[in-house]
Amino acid sequence: MGTDYRPREHTIAPNREPDAEPITRSMECMACGATSPVSEGHVEPQDWILGHIRGFPAHLDYREHVTLPYRVRPGQWL
């Protein structure tokens, strides 16, 4: 006896469930690769940049790394 498979629609969206992992962010110095601590807010990574630039005035470019959890939700059977 064979197995039947039916296609199903799916939706992909940020996970906003109460038990979802938090959204986190950090900053990376593009000149030297140093990174800020990971934080759930904006303030700590941005404060890290201000401290880093005091020690390295020529380091003017930074990249923000954001971790946003996603969840796949099954939809209608096709």
# chains A, B, ... in the order shown; residues from 1 in each chain; ligands from 1

call {"tool": "residues_around", "arguments": {"residues": "region 50-56 of chain A", "least_positions_apart": "2", "cutoff": "12 Å", "atoms": "only C-alpha atoms", "output": "list in words"}}
result
Met27, Glu28, Cys29, Met30, Ala31, Cys32, Gly33, Ala34, Thr35, Ser36, Val43, Glu44, Pro45, Gln46, Asp47, Trp48, Ala58, His59, Leu60, Asp61 and Tyr62 of chain A

call {"tool": "write_last_selection", "arguments": {"atoms": "N, CA and C atoms", "output": "CSV table (one decimal), in the first residue's frame"}}
result
chain,number,residue,atom,x,y,z
A,27,MET,N,26.6,45.0,17.4
A,27,MET,CA,27.3,45.9,16.4
A,27,MET,C,28.7,45.3,16.2
A,28,GLU,N,29.1,45.4,14.9
A,28,GLU,CA,30.4,45.0,14.5
A,28,GLU,C,31.2,46.1,13.9
A,29,CYS,N,32.4,46.3,14.4
A,29,CYS,CA,33.3,47.4,13.8
A,29,CYS,C,33.8,46.8,12.4
A,30,MET,N,33.6,47.5,11.4
A,30,MET,CA,34.0,47.1,10.0
A,30,MET,C,35.5,47.2,9.8
A,31,ALA,N,36.2,48.0,10.7
A,31,ALA,CA,37.6,48.2,10.5
A,31,ALA,C,38.4,47.1,11.2
A,32,CYS,N,38.0,46.6,12.3
A,32,CYS,CA,38.8,45.6,13.1
A,32,CYS,C,38.0,44.3,13.4
A,33,GLY,N,36.7,44.3,13.2
A,33,GLY,CA,35.9,43.1,13.4
A,33,GLY,C,35.5,42.9,14.9
A,34,ALA,N,35.8,43.9,15.7
A,34,ALA,CA,35.4,43.8,17.1
A,34,ALA,C,33.9,43.9,17.2
A,35,THR,N,33.2,43.2,18.1
A,35,THR,CA,31.8,43.2,18.2
A,35,THR,C,31.3,43.6,19.6
A,36,SER,N,30.2,44.2,19.7
A,36,SER,CA,29.6,44.6,21.0
A,36,SER,C,28.9,43.3,21.6
A,43,VAL,N,20.3,50.3,23.0
A,43,VAL,CA,21.2,51.2,23.8
A,43,VAL,C,22.6,50.6,24.0
A,44,GLU,N,22.7,49.4,24.5
A,44,GLU,CA,24.0,48.8,24.8
A,44,GLU,C,24.9,48.7,23.6
A,45,PRO,N,24.4,48.2,22.4
A,45,PRO,CA,25.3,48.1,21.3
A,45,PRO,C,25.7,49.5,20.8
A,46,GLN,N,24.8,50.5,20.8
A,46,GLN,CA,25.2,51.8,20.4
A,46,GLN,C,26.2,52.5,21.4
A,47,ASP,N,26.0,52.2,22.7
A,47,ASP,CA,27.0,52.7,23.7
A,47,ASP,C,28.3,52.1,23.4
A,48,TRP,N,28.3,50.8,23.1
A,48,TRP,CA,29.6,50.2,22.8
A,48,TRP,C,30.3,50.9,21.7
A,58,ALA,N,39.6,56.3,14.1
A,58,ALA,CA,39.5,56.1,12.7
A,58,ALA,C,38.5,55.0,12.3
A,59,HIS,N,37.9,54.3,13.3
A,59,HIS,CA,37.0,53.3,13.1
A,59,HIS,C,35.6,53.9,13.0
A,60,LEU,N,35.1,54.2,11.8
A,60,LEU,CA,33.9,55.0,11.6
A,60,LEU,C,32.7,54.2,11.0
A,61,ASP,N,33.0,52.9,10.6
A,61,ASP,CA,31.9,52.1,9.9
A,61,ASP,C,31.6,50.9,10.8
A,62,TYR,N,30.3,50.7,10.9
A,62,TYR,CA,29.8,49.6,11.8
A,62,TYR,C,28.7,48.9,11.1

call {"tool": "atom_distance", "arguments": {"atom1": "CA of Pro22 (chain A)", "atom2": "CA of Arg63 (chain A)"}}
result
19.7 Å

call {"tool": "residues_around", "arguments": {"residues": "Pro7 (chain A)", "least_positions_apart": "4", "cutoff": "9 Å", "atoms": "only C-alpha atoms", "output": "PyMOL selection string"}}
result
chain A and resi 76-78

call {"tool": "write_last_selection", "arguments": {"atoms": "N, CA, C and O atoms", "output": "tab-separated table (two decimals), in the first residue's frame"}}
result
chain	number	residue	atom	x	y	z
A	76	GLN	N	-3.70	25.90	4.64
A	76	GLN	CA	-4.70	25.03	4.05
A	76	GLN	C	-4.06	23.91	3.25
A	76	GLN	O	-3.01	24.09	2.63
A	77	TRP	N	-4.71	22.76	3.26
A	77	TRP	CA	-4.32	21.68	2.37
A	77	TRP	C	-4.75	22.06	0.96
A	77	TRP	O	-5.82	22.63	0.74
A	78	LEU	N	-3.92	21.77	0.00
A	78	LEU	CA	-4.26	22.09	-1.40
A	78	LEU	C	-4.91	20.90	-2.08
A	78	LEU	O	-4.82	19.80	-1.71

call {"tool": "select_by_dssp", "arguments": {"residues": "chain A", "states": "strand (DSSP E)", "output": "PyMOL selection string"}}
result
chain A and resi 8-14+24-29+62-67+70-77

call {"tool": "write_last_selection", "arguments": {"atoms": "N, CA and C atoms", "output": "PDB file, in the first residue's frame"}}
result
ATOM      1  N   ARG A   8       0.623  21.486   0.872  1.00  0.00           N
ATOM      2  CA  ARG A   8      -0.002  22.359   1.849  1.00  0.00           C
ATOM      3  C   ARG A   8       0.620  23.749   1.754  1.00  0.00           C
ATOM      4  N   GLU A   9      -0.209  24.759   1.907  1.00  0.00           N
ATOM      5  CA  GLU A   9       0.311  26.128   1.955  1.00  0.00           C
ATOM      6  C   GLU A   9       0.993  26.353   3.303  1.00  0.00           C
ATOM      7  N   HIS A  10       1.998  27.206   3.303  1.00  0.00           N
ATOM      8  CA  HIS A  10       2.681  27.575   4.547  1.00  0.00           C
ATOM      9  C   HIS A  10       2.906  29.078   4.548  1.00  0.00           C
ATOM     10  N   THR A  11       2.909  29.645   5.712  1.00  0.00           N
ATOM     11  CA  THR A  11       3.213  31.063   5.892  1.00  0.00           C
ATOM     12  C   THR A  11       4.458  31.167   6.756  1.00  0.00           C
ATOM     13  N   ILE A  12       5.374  32.023   6.345  1.00  0.00           N
ATOM     14  CA  ILE A  12       6.593  32.263   7.119  1.00  0.00           C
ATOM     15  C   ILE A  12       6.525  33.685   7.654  1.00  0.00           C
ATOM     16  N   ALA A  13       6.687  33.829   8.973  1.00  0.00           N
ATOM     17  CA  ALA A  13       6.572  35.161   9.587  1.00  0.00           C
ATOM     18  C   ALA A  13       7.409  35.206  10.861  1.00  0.00           C
ATOM     19  N   PRO A  14       7.760  36.410  11.314  1.00  0.00           N
ATOM     20  CA  PRO A  14       8.459  36.512  12.597  1.00  0.00           C
ATOM     21  C   PRO A  14       7.658  35.827  13.700  1.00  0.00           C
ATOM     22  N   THR A  24      17.432  39.917  19.141  1.00  0.00           N
ATOM     23  CA  THR A  24      18.682  40.422  19.698  1.00  0.00           C
ATOM     24  C   THR A  24      19.461  41.180  18.628  1.00  0.00           C
ATOM     25  N   ARG A  25      20.383  42.004  19.087  1.00  0.00           N
ATOM     26  CA  ARG A  25      21.216  42.769  18.160  1.00  0.00           C
ATOM     27  C   ARG A  25      22.597  42.967  18.751  1.00  0.00           C
ATOM     28  N   SER A  26      23.545  43.179  17.856  1.00  0.00           N
ATOM     29  CA  SER A  26      24.905  43.536  18.249  1.00  0.00           C
ATOM     30  C   SER A  26      25.498  44.366  17.118  1.00  0.00           C
ATOM     31  N   MET A  27      26.595  45.035  17.401  1.00  0.00           N
ATOM     32  CA  MET A  27      27.272  45.861  16.410  1.00  0.00           C
ATOM     33  C   MET A  27      28.662  45.301  16.164  1.00  0.00           C
ATOM     34  N   GLU A  28      29.112  45.430  14.923  1.00  0.00           N
ATOM     35  CA  GLU A  28      30.442  44.970  14.534  1.00  0.00           C
ATOM     36  C   GLU A  28      31.207  46.134  13.917  1.00  0.00           C
ATOM     37  N   CYS A  29      32.430  46.339  14.351  1.00  0.00           N
ATOM     38  CA  CYS A  29      33.297  47.356  13.761  1.00  0.00           C
ATOM     39  C   CYS A  29      33.819  46.817  12.433  1.00  0.00           C
ATOM     40  N   TYR A  62      30.287  50.680  10.929  1.00  0.00           N
ATOM     41  CA  TYR A  62      29.794  49.582  11.775  1.00  0.00           C
ATOM     42  C   TYR A  62      28.659  48.858  11.073  1.00  0.00           C
ATOM     43  N   ARG A  63      28.460  47.616  11.455  1.00  0.00           N
ATOM     44  CA  ARG A  63      27.371  46.809  10.919  1.00  0.00           C
ATOM     45  C   ARG A  63      26.548  46.279  12.087  1.00  0.00           C
ATOM     46  N   GLU A  64      25.218  46.378  11.959  1.00  0.00           N
ATOM     47  CA  GLU A  64      24.343  45.839  12.991  1.00  0.00           C
ATOM     48  C   GLU A  64      23.952  44.411  12.607  1.00  0.00           C
ATOM     49  N   HIS A  65      24.017  43.509  13.579  1.00  0.00           N
ATOM     50  CA  HIS A  65      23.577  42.127  13.399  1.00  0.00           C
ATOM     51  C   HIS A  65      22.309  41.939  14.228  1.00  0.00           C
ATOM     52  N   VAL A  66      21.215  41.589  13.555  1.00  0.00           N
ATOM     53  CA  VAL A  66      19.933  41.395  14.222  1.00  0.00           C
ATOM     54  C   VAL A  66      19.532  39.929  14.066  1.00  0.00           C
ATOM     55  N   THR A  67      19.147  39.313  15.177  1.00  0.00           N
ATOM     56  CA  THR A  67      18.624  37.951  15.145  1.00  0.00           C
ATOM     57  C   THR A  67      17.132  38.027  15.431  1.00  0.00           C
ATOM     58  N   TYR A  70      11.947  33.337  13.403  1.00  0.00           N
ATOM     59  CA  TYR A  70      10.823  33.138  12.494  1.00  0.00           C
ATOM     60  C   TYR A  70      10.129  31.815  12.802  1.00  0.00           C
ATOM     61  N   ARG A  71       8.903  31.705  12.336  1.00  0.00           N
ATOM     62  CA  ARG A  71       8.127  30.483  12.527  1.00  0.00           C
ATOM     63  C   ARG A  71       7.343  30.197  11.242  1.00  0.00           C
ATOM     64  N   VAL A  72       7.281  28.923  10.885  1.00  0.00           N
ATOM     65  CA  VAL A  72       6.488  28.484   9.744  1.00  0.00           C
ATOM     66  C   VAL A  72       5.148  28.008  10.276  1.00  0.00           C
ATOM     67  N   ARG A  73       4.078  28.527   9.701  1.00  0.00           N
ATOM     68  CA  ARG A  73       2.730  28.138  10.118  1.00  0.00           C
ATOM     69  C   ARG A  73       2.062  27.374   8.980  1.00  0.00           C
ATOM     70  N   PRO A  74       1.624  26.144   9.283  1.00  0.00           N
ATOM     71  CA  PRO A  74       0.934  25.379   8.244  1.00  0.00           C
ATOM     72  C   PRO A  74      -0.401  26.036   7.898  1.00  0.00           C
ATOM     73  N   GLY A  75      -0.744  25.997   6.623  1.00  0.00           N
ATOM     74  CA  GLY A  75      -1.991  26.581   6.157  1.00  0.00           C
ATOM     75  C   GLY A  75      -2.943  25.518   5.628  1.00  0.00           C
ATOM     76  N   GLN A  76      -3.698  25.904   4.643  1.00  0.00           N
ATOM     77  CA  GLN A  76      -4.702  25.032   4.051  1.00  0.00           C
ATOM     78  C   GLN A  76      -4.055  23.909   3.246  1.00  0.00           C
ATOM     79  N   TRP A  77      -4.714  22.764   3.258  1.00  0.00           N
ATOM     80  CA  TRP A  77      -4.316  21.681   2.370  1.00  0.00           C
ATOM     81  C   TRP A  77      -4.751  22.060   0.961  1.00  0.00           C
TER      82      TRP A  77
END

call {"tool": "select_by_dssp", "arguments": {"residues": "chain A", "states": "helix (DSSP H, G or I)", "output": "NGL selection string"}}
result
:A and (43-55)

call {"tool": "write_last_selection", "arguments": {"atoms": "C-alpha atoms", "output": "PDB file, in the first residue's frame"}}
result
ATOM      1  CA  VAL A  43      21.220  51.178  23.776  1.00  0.00           C
ATOM      2  CA  GLU A  44      23.989  48.775  24.814  1.00  0.00           C
ATOM      3  CA  PRO A  45      25.303  48.122  21.267  1.00  0.00           C
ATOM      4  CA  GLN A  46      25.196  51.822  20.413  1.00  0.00           C
ATOM      5  CA  ASP A  47      26.963  52.736  23.661  1.00  0.00           C
ATOM      6  CA  TRP A  48      29.606  50.156  22.781  1.00  0.00           C
ATOM      7  CA  ILE A  49      30.255  52.001  19.497  1.00  0.00           C
ATOM      8  CA  LEU A  50      30.792  55.272  21.375  1.00  0.00           C
ATOM      9  CA  GLY A  51      33.306  53.589  23.669  1.00  0.00           C
ATOM     10  CA  HIS A  52      35.033  51.819  20.777  1.00  0.00           C
ATOM     11  CA  ILE A  53      35.425  54.991  18.736  1.00  0.00           C
ATOM     12  CA  ARG A  54      37.046  56.775  21.695  1.00  0.00           C
ATOM     13  CA  GLY A  55      39.811  54.179  21.593  1.00  0.00           C
TER      14      GLY A  55
END

call {"tool": "atom_distance", "arguments": {"atom1": "CA of Pro37 (chain A)", "atom2": "CA of Asp19 (chain A)"}}
result
22.8 Å

call {"tool": "atom_distance", "arguments": {"atom1": "CA of Pro18 (chain A)", "atom2": "CA of Gly41 (chain A)"}}
result
17.6 Å
